[in-house]
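Participant: Below you'll find the structure I mean.
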Amino acid sequence: MKLVDSLAKLPHSLVTALALFLCIAVGVVDGVVGHVYSLVPFYLVPVVLAAWCVGRKTGYLLSFICSLGWLSAELAAGLFLKADFAMYWNDAMKLLLFVLTTTVISALKEALERENVLARTDHLTGIPNRRSYYESVSGEIRRNLRYYDPFTIVYLDIDNFKNVNDTRGHAGGDTLLKLVASVLAKSVREIDTVARLGGDEFALLLPETDGDAADIVATKVRQRLKMNVENHWPVTFSMGLVTYHKAPATIDKVIGYADRLMFKAKEGGKDAICCEVVGEMDNDKAPQDF
């Protein structure tokens, strides 16, 4: 399975070329050994490879190419000229087998991709969920530890959200959550990540963002939230922002620091943002150094 996953990450043109090469190789071997031994399972290998790694259309293309391969083998063996209805029927069944295999494999791949997206998407807002966010942050930590590129974590909580649910019902609360998610998504770059971690808590991941750039983003986000949300809803926002030049080795410390800063903003009266920059200091102690 790891080999298949690795092949799926290659350019489609390269995978298609590999599948075509395998198809031709099997056809040549089939022509040499004749029909003493059936090589149908081996023809399935390039078909499955193309259908899974490239797509359904390419799988169908390889199905027909493989069909031509075994027909060429029959011609080389002189069997096609002696063929009766049974052989034509068997050849058609082989083509049908390849086409059905392509259909099933590609449908399975599409279903798995849909499930993968759903598993990483918040069902209410349509933005990434906690699982997806943690995966993105983990990747950024690894990149920071290797290349030392700074990144910023923003932890955001809606102040007085419970009052919205109490006065406008859960439908009103859901409408507010979707609005906040939309505003946040439109306030950041394409390479940034906006996620709902649960309840009324959201988080941002800003790759390649140092302290100065993070301040600009935070200011922009606060302005957008005030204009599109606070002016129409009885809520404000508390934010914790941490820029890492040298990240802790664990994701819990990375996100936990921003979470603590957000609670510090709440304890200070809400509607505020608390910022920190973590550099060459001892990161094990940093989260407690408020």
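Quick note on naming: the chains in the structure tokens go A, B, ... in the order shown, residues restart at 1 in each chain, and ligands are numbered from 1 in order of appearance.
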Any idea what's packed within 12 Å of Leu62 of chain A, counting only C-alpha atoms, ignoring anything in its chain fewer than 5 positions away? Could you give it as a CSV table (one decimal) with C-alpha atoms, in the first residue's frame?
Facilitator:
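After the write, selection.csv holds the following:
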```csv
chain,number,residue,atom,x,y,z
A,15,VAL,CA,2.4,7.1,-13.8
A,16,THR,CA,0.7,6.8,-17.2
A,17,ALA,CA,4.0,6.1,-18.9
A,18,LEU,CA,4.8,3.4,-16.3
A,19,ALA,CA,1.4,1.8,-16.8
A,20,LEU,CA,1.8,1.8,-20.5
A,21,PHE,CA,5.3,0.3,-20.2
A,22,LEU,CA,3.9,-2.5,-18.0
A,23,CYS,CA,1.1,-3.1,-20.5
A,24,ILE,CA,3.5,-3.4,-23.4
A,43,TYR,CA,-2.7,-7.2,-17.6
A,44,LEU,CA,-4.8,-6.0,-14.6
A,45,VAL,CA,-1.7,-4.5,-12.9
A,46,PRO,CA,-1.3,-1.5,-15.3
A,47,VAL,CA,-5.1,-1.1,-15.5
A,48,VAL,CA,-5.4,-0.9,-11.7
A,49,LEU,CA,-2.3,1.4,-11.5
A,50,ALA,CA,-3.8,3.8,-14.0
A,51,ALA,CA,-7.3,3.8,-12.5
A,52,TRP,CA,-6.1,4.3,-8.9
A,54,VAL,CA,-4.4,8.8,-12.4
A,55,GLY,CA,-8.2,8.4,-12.9
A,56,ARG,CA,-11.0,6.7,-14.6
A,57,LYS,CA,-10.4,7.9,-18.1
A,67,SER,CA,-7.0,-5.5,-24.9
A,68,LEU,CA,-4.9,-4.6,-28.0
A,69,GLY,CA,-1.9,-6.2,-26.2
A,95,LEU,CA,-12.1,-6.3,-22.1
A,98,PHE,CA,-10.7,-4.6,-17.5
A,99,VAL,CA,-13.4,-1.9,-17.9
A,101,THR,CA,-12.1,-3.2,-12.8
A,102,THR,CA,-11.3,0.4,-13.8
```
Participant: Got a sec to tell me which of segment 74-160 of chain A DSSP assigns to strand (DSSP E or B), as a list of chain:residue names?
Facilitator: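 For segment 74-160 of chain A, the strand (DSSP E or B) set is A:Thr121, A:Pro128, A:Phe151, A:Thr152, A:Ile153, A:Val154, A:Tyr155, A:Leu156, A:Asp157, A:Ile158, A:Asp159.
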Participant: When you draw a straight line from atom CA of Ile216 of chain A to atom CA of Phe151 of chain A, how long is it in Å?
Facilitator: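 If I compute the distance from atom CA of Ile216 of chain A to atom CA of Phe151 of chain A, I get 13.7 Å.
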Participant: Write out as number ranges by chain each polymer residue whose atoms come within 7 Å of Gly240 of chain A, counting only C-alpha atoms; drop sequence neighbours fewer than 5 positions from it.
Facilitator: A: 154-156, 258-259, 261-262, 273-275
Participant: To one decimal in Å, tell me the separation between atom CA of Ile251 of chain A and atom CA of Val278 of chain A.
Facilitator: 14.5 Å
Participant: Check the smallest atom-to-atom distance from each of A:Ser106, A:Gln223, A:Ser38, A:Ser136 to Ser187 of chain A using only C-alpha atoms, then report the winner.
Facilitator: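 Among A:Ser106, A:Gln223, A:Ser38, A:Ser136, it is A:Gln223 that comes nearest to Ser187 of chain A.
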Participant: Could you find all residues in segment 108-202 of chain A that DSSP calls helix (DSSP H, G or I) from the backbone, and write them as a VMD selection string?
Facilitator: chain A and resid 108 to 119 130 to 147 161 to 186
Participant: As a ChimeraX atom specification, please: the residues near Phe161 of chain A (cut-off 10 Å, only C-alpha atoms, same-chain neighbours under 2 positions excluded).
Facilitator: /A:157-159,163-166,173,176-177,199-200,233-237
Participant: Give me, as a list of chain:residue names, all polymer residues having an atom no more than 9 Å from Val221 of chain A, counting only C-alpha atoms and skipping those fewer than 6 positions away in the same chain.
Facilitator: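 Result of the neighbour search: A:Val183, A:Leu184, A:Ser187, A:Val188.
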Participant: Enter the distance from atom CA of Leu145 of chain A to atom CA of Val117 of chain A, in Å, rounded to one decimal.
Facilitator: 27.7 Å
Participant: Please identify all polymer residues within 8 Å of Arg120 of chain A, counting only C-alpha atoms, omitting same-chain residues fewer than 4 positions from it, and present them as a list of chain:residue names.
Facilitator: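 Those residues are A:Asn116, A:Pro128, A:Asn129, A:Arg130, A:Arg131, A:Ser132.
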